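Undergrad: Before anything else, here's the structure in question.
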4 protein chains.
Amino acid sequence: MIAVMSKDATPHQIAHVQALLRQSGLDPVIGEFEGATLVITENEAPGAAGVLETATGVERVVDGQGAQQLTSRDFRSADSRVAVGGPDGAVLGGDGFVVIAGPCAVESQDQMTGVVDAVVAAGAAMLRGGAFKPRTSPYSFQGLGVAGLALLAEQRSRTGLPVVTEVVTPQDVERVAEESDMLQIGTRNMQNFALLREAGASGRPVLLKRGMAATIEEWLLAAEYLMHMGNGGVVLCERGIRSFDRSTRFTLDLSAVAEAKRRTHLPVVVDPSHSTGRPHLVGPMSLAAAACGADGLLIDVHTDARAALCDGAQALSGAQFADVMTRLRPVVEAVGRTLWQPRARSLTSV
Amino acid sequence: MIAVMSKDATPHQIAHVQALLRQSGLDPVIGEFEGATLVITENEAPGAAGVLETATGVERVVDGQGAQQLTSRDFRSADSRVAVGGPDGAVLGGDGFVVIAGPCAVESQDQMTGVVDAVVAAGAAMLRGGAFKPRTSPYSFQGLGVAGLALLAEQRSRTGLPVVTEVVTPQDVERVAEESDMLQIGTRNMQNFALLREAGASGRPVLLKRGMAATIEEWLLAAEYLMHMGNGGVVLCERGIRSFDRSTRFTLDLSAVAEAKRRTHLPVVVDPSHSTGRPHLVGPMSLAAAACGADGLLIDVHTDARAALCDGAQALSGAQFADVMTRLRPVVEAVGRTLWQPRARSLTSV
Amino acid sequence: MIAVMSKDATPHQIAHVQALLRQSGLDPVIGEFEGATLVITENEAPGAAGVLETATGVERVVDGQGAQQLTSRDFRSADSRVAVGGPDGAVLGGDGFVVIAGPCAVESQDQMTGVVDAVVAAGAAMLRGGAFKPRTSPYSFQGLGVAGLALLAEQRSRTGLPVVTEVVTPQDVERVAEESDMLQIGTRNMQNFALLREAGASGRPVLLKRGMAATIEEWLLAAEYLMHMGNGGVVLCERGIRSFDRSTRFTLDLSAVAEAKRRTHLPVVVDPSHSTGRPHLVGPMSLAAAACGADGLLIDVHTDARAALCDGAQALSGAQFADVMTRLRPVVEAVGRTLWQPRARSLTSV
Amino acid sequence: MIAVMSKDATPHQIAHVQALLRQSGLDPVIGEFEGATLVITENEAPGAAGVLETATGVERVVDGQGAQQLTSRDFRSADSRVAVGGPDGAVLGGDGFVVIAGPCAVESQDQMTGVVDAVVAAGAAMLRGGAFKPRTSPYSFQGLGVAGLALLAEQRSRTGLPVVTEVVTPQDVERVAEESDMLQIGTRNMQNFALLREAGASGRPVLLKRGMAATIEEWLLAAEYLMHMGNGGVVLCERGIRSFDRSTRFTLDLSAVAEAKRRTHLPVVVDPSHSTGRPHLVGPMSLAAAACGADGLLIDVHTDARAALCDGAQALSGAQFADVMTRLRPVVEAVGRTLWQPRARSLTSV
């Protein structure tokens with residue numbers, strides 16, 4: 001249950017609402033959303049909602065379903081639109097279908113310029129690239145770190161396109177937020193709650209990947225951690241779940257996209273690269289994602305996959321990416337949407 | 001490896017080829033395809049292919065990959081087209097996208113007439129309905145059996161549309177083949193090899209559902225059982241795999257559709273009803289299936305889901321099905337195909 | 001719900017009980033158990049149990065839980081004991097811990113004699129060996145069939161030990177029942193309901209392997225199919241479920257053993273060979289199975305694993321099997337049981 | 001590959017070894033172990049090992065297998081013994097079987113005293129209790145935090161038993177290390193690499209739970225993160241993996257215990273509480289774990305499960321725990337080990 005306080009509610013009024021809930025045996029938590037204070041409880045108590053509605057300072061009361069409160073369609077029935085990168089940026093969750101592309105890992109200026117030129121030419125709306133890479137082995141390439149952030153920011157200013165990059169630990173959130181337009185929480189960190197709280201408080205939109213063994217409910221509750229810190233800019237990303245078949249790296253769960261869109265007002269994008277781990281499946285799964293209601297895609301592109309320092313095996317070449325974009329457009333339009341078109345701009349040289 | 005014998009090859013020539021393979025330490029099996037005898041081995045032996053090519057009566061030699069022989073693109077690079085129901089029937093695997101619809105279980109003449117009228121009006125190309133139902137509990141409705149076959153055949157003659165129905169045990173194959181146009185092998189029987197052999201020898205096309213925990217390779221090898229009995233009319237059906245999330249009944253694995261299309265020349269259809277088990281997901285998953293390259297759909301429809309004796313919870317109403325067909329058409333056309341249009345015909349009353 | 005009719009109940013009394021249940025809106029099925037007729041319904045209806053208790057010919061009424069009726073502890077609270085192979089045979093479900101061993105597939109008389117001598121010397125209580133092998137590929141060795149049954153029967157008469165062997169299709173049940181002491185239903189056939197009905201009617205005890213993706217409830221309901229055909233000699237076998245880790249062939253689910261023992265009165269054995277697929281794991285998992293309450297083991301042994309025609313990779317050598325038996329004894333005794341000791345008998349030569 | 005430098009190796013010698021490896025195209029990382037510097041590479045290069053062996057300052061060269069270096073039996077063939085809590089503490093990995101017990105979450109002094117008295121009376125060797133709780137929902141009880149650490153430390157000094165408690169974020173490692181004897185990394189943080197590095201550098205032994213969807217290899221590589229920071233005190237904990245059956249909360253994978261013991265020298269313990277989520281399965285799985293070679297157990301106990309603020313449903317009562325200990329002893333002894341006996345000490349009152 002959520003009590004949305006009016007923007008001019010006094011601390012005393014907020015404290016009173018909390019007291020009322022405690023009297024009903026509930027355990028209220030304070031959140032905020034669009035400048036208003038929220039008093040939130042996971043559970044309900046008979047009559048409690050009625051009592052709150054009459055309390056001074058309460059604007060409205062929302063009866064949520066169990067733990068999913070701010071992310072539920074009860075709290076907000078309309079689709080949320082998440083703007084990334086300012087007035088010239090991209091908007092996820094509206095009519096535009098947003099394709100985010102770039103290398104799995106930022107490796108060098110040359111690599112970035114090559115890949116970015118290719119994806120921008122093909123019509124990408126946003127750029128991706130990992131500076132901090134969570135790797136299974138401590139002896140694998142761990143990403144360029146801060147130097148990688150600078151190379152990514154360089155491409156942002158060169159193209160004017162918004163960039164999303166992964167953050168793997170709370171201490172880095174502030175820095176990554178400064179150098180990018182959107183924070184990515186990876187599949188291995190979906191339930192890294194300290195990281196979620198920090199990212200939720202960062203003020204930056206967040207791309208939240210689904211844990212590789214997370215239920216849809218757990219995924220939405222991870223988004224709840226972000227939102228109750230006051231962050232309305234949450235975008236969900238389905239990236240495949242772990243299953244028994246080795247033909248694909250993970251099993252892309254597109255039903256989860258449609259189901260998440262039903263349960264929550266948040267935009268949902270799909271990562272066909274990490275889920276399938278097979279370049280020849282990226283195209284078909286991109287089209288399928290657009291057809292079933294996804295709001296965008298996150299695609300790995302590398303102009304020299306063999307030399308890639310991370311996950312090269314699954315990356316598309318520039319030409320393959322351009323081909324996917326060509327086949328994607330009619331499907332996006334068949335479901336009544338349009339490919340997000342970034343404002344035309346010349347690519348400056350580095 | 002496959003030695004395709006010329007149609008006029010003599011038994012002696014065939015025996016000679018078998019002998020040559022045994023000399024190479026291989027274990028040949030006899031199959032047939034389009035009237036020609038095939039001598040097939042799972043494994044290769046150095047030089048064996050070369051030896052065969054010079055043997056009299058051998059038309060061509062195909063080097064397959066491991067166990068997948070007749071179903072592989074090595075044996076046939078072009079897509080197979082499977083015709084169901086004679087000249088007025090439907091063709092799977094070509095440009096037409098074939099929607100098969102009907103109730104999960106045949107229950108009564110009234111139920112069948114009501115459902116069939118609805119799906120025909122909405123443009124279904126084929127009818128489905130189960131007479132023999134494999135049920136988890138011995139105390140659940142097991143289907144009408146032979147009486148159900150008759151009710152289904154009645155709808156076939158009334159509408160002129162081909163019908164597919166499940167067969168669950170070898171003894172029933174001949175009878176079900178007589179009364180229907182296509183045999184369905186269910187997910188629980190995908191590795192019921194005695195049933196596969198009997199269905200393979202039936203001369204009827206077969207719809208082979210993927211086992212709920214079968215790898216793509218196991219699925220294609222089940223199809224191999226059908227094909228090496230001489231049955232070229234095999235259609236694969238992805239119907240969801242077992243996973244950890246209870247939000248859907250099974251996890252629809254659309255990557256498997258694209259991957260199967262790559263490894264085999266056989267048509268692949270998708271069952272969005274049994275996989276998701278949720279009516280509100282049938283539409284989005286139908287569109288996604290069409291977008292990623294499926295050749296058709298198998299959809300549960302029931303005009304009174306609450307009263308359904310089997311899996312009513314997941315069935316679409318006639319109106320919901322019509323809505324899915326409307327949204328499906330533009331996606332099918334966006335990928336360069338057309339919804340299969342059955343020849344116009346008036347529905348006779350029963 | 002189960003109405004157990006007295007042994008001298010008349011057909012008219014049975015029909016009356018069915019009628020009473022139909023009046024309560026229930027759908028009764030007839031079963032039998034230990035010579036008594038059973039009238040069974042999956043569901044309950046208010047007051048129905050009370051009405052039945054007063055009907056003539058009804059001995060007792062059992063309120064089961066949903067679909068699990070005859071296999072539930074409500075129907076029989078005490079552990080069932082399943083005798084296999086006559087007075088000199090083995091009993092599963094009692095104090096004795098029964099180790100069943102032999103090759104995965106019957107290959108030849110020499111192979112059988114070698115393996116059987118080894119497992120008998122090490123103290124096996126029963127023999128296993130497959131004559132009909134369900135194989136993923138149609139080109140793999142499919143078993144010796146009838147000839148294999150004869151080789152297995154030969155070992156039975158030579159050793160006096162009961163034998164269990166797999167049956168894969170209804171037509172074979174009668175024959176396999178004649179030539180062996182216990183029928184095995186394999187993991188791929190757990191929901192081959194036509195086969196279950198035939199095996200249930202065979203009069204032979206049945207070893208029912210868990211489907212590789214079957215829930216415990218589905219497994220118990222497959223046993224229900226056997227029992228309601230009048231077969232009380234059902235033994236469950238946990239053999240591993242499909243999961244994501246390739247370190248083992250399947251994931252042995254020992255919790256399922258303890259859980260099944262709680263929900264049902266049937267004996268439960270464990271197959272550490274097919275589940276792990278790794279010889280070095282057979283020992284540890286055998287000990288673990290005994291410790292958590294299993295009633296026996298089913299172990300693959302082959303005296304020349306490299307030459308095995310089926311699953312040799314996972315078979316123990318005779319020496320490895322003897323070592324497992326040695327380490328097993330103290331664990332079996334630590335949980336208050338004893339290794340089943342077959343009556344001493346000299347091994348006649350073939 | 002690992003180059004173990006002699007303890008008196010100079011920085012120049014170490015740099016030289018790194019240079020040699022780079023010349024071979026390898027990418028060396030510096031680690032330490034038992035006071036010696038290690039130069040580690042994930043990959044091999046022809047001849048590189050030979051070159052290193054002759055370099056000054058190199059004590060020995062170990063050819064590991066791929067990414068698993070310090071945790072592999074190649075680096076250390078004998079079982080590692082991990083001492084927790086000083087001279088009066090417990091040793092994991094030796095002949096003693098160590099039972100760790102306590103509440104899932106630290107709630108209050110009364111709760112702790114009650115539970116601890118019960119588990120100490122029954123023979124627990126170590127105490128557990130969570131102060132920082134990772135919870136799926138932001139609105140659930142998140143643990144008492146620092147206050148919880150104090151309550152746990154109080155029980156440590158009262159009983160003299162070592163305590164293990166979870167740490168969820170790098171910033172907390174130093175504090176938790178001060179207040180406890182062993183750090184626990186939870187299943188959701190198994191691949192929280194920043195946390196692993198911090199815990200690896202803490203000097204405290206670490207209990208590393210397996211990720212609920214982690215392969216054995218991923219689990220061992222997470223341990224590799226801890227070890228190459230110089231931490232030799234790593235204990236693995238199998239706690240169940242995610243699967244399709246809802247009868248248990250997770251699927252306890254005991255094969256993984258035996259497999260991990262084979263691949264690594266590290267101790268492995270089992271958590272039968274969180275894996276099964278069912279009190280009635282904790283006993284059978286505890287016995288099974290001891291039988292298959294585990295080095296200890298981690299068991300949830302709560303004296304008032306109904307009132308528990310976290311996971312009460314799966315906790316054993318004091319009496320149930322005592323019963324498990326009684327049944328556990330003979331199984332532990334049957335595999336040639338003994339229950340770890342903490343030094344007798346009187347329980348002081350708080």
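In the structure tokens, chains take the letters A, B, ... in the order shown, each chain's residues start at 1, and ligands count up from 1 in the order shown.
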Please return, as a ChimeraX atom specification, all residues of region 200-236 of chain B that DSSP assigns to strand (DSSP E) on the basis of the backbone.
TA: /B:206-209,234-236
Undergrad: Within 10 Å of chain D, which residues of chain A are there when counting only C-alpha atoms? Please give them as a PyMOL selection string.
TA: chain A and resi 27-30+40-43+66-69+133-141+168-171+187-195+197+211-214+217-226+228-229+241-243
Undergrad: Got a sec: who's within 9 Å of Val331 (chain A), counting only C-alpha atoms, leaving out chain neighbours fewer than 6 positions off, as a PyMOL selection string?
TA: (chain A and resi 287-288+290-291+337) or (chain B and resi 291+330-335)
Undergrad: Just checking: using only C-alpha atoms, which residue out of B:Glu44, B:Arg278, B:Ala319, B:Gly96 ends up closest to Leu26 (chain B)?
TA: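 Using only C-alpha atoms, the shortest distance to Leu26 (chain B) belongs to B:Glu44.
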Undergrad: Neighbouring residues of Gly312 (chain B) were defined as those with any atom within 9 Å, considering only C-alpha atoms; residues of the same chain fewer than 2 positions away were excluded. Please report them as a list in words.
TA: Pro103, Cys104, Asp300, Val301, His302, Asp304, Ala305, Arg306, Ala307, Ala308, Leu309, Cys310, Gln314, Ala315 and Leu316 of chain B
Undergrad: Compare B:Gly50, B:Asp117, B:Val257, B:Thr303 by their minimum atom-to-atom distance to Pro284 (chain A), counting only C-alpha atoms, and give me the closest one.
TA: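 When distances to Pro284 (chain A) are compared using only C-alpha atoms, the smallest one comes from B:Val257.
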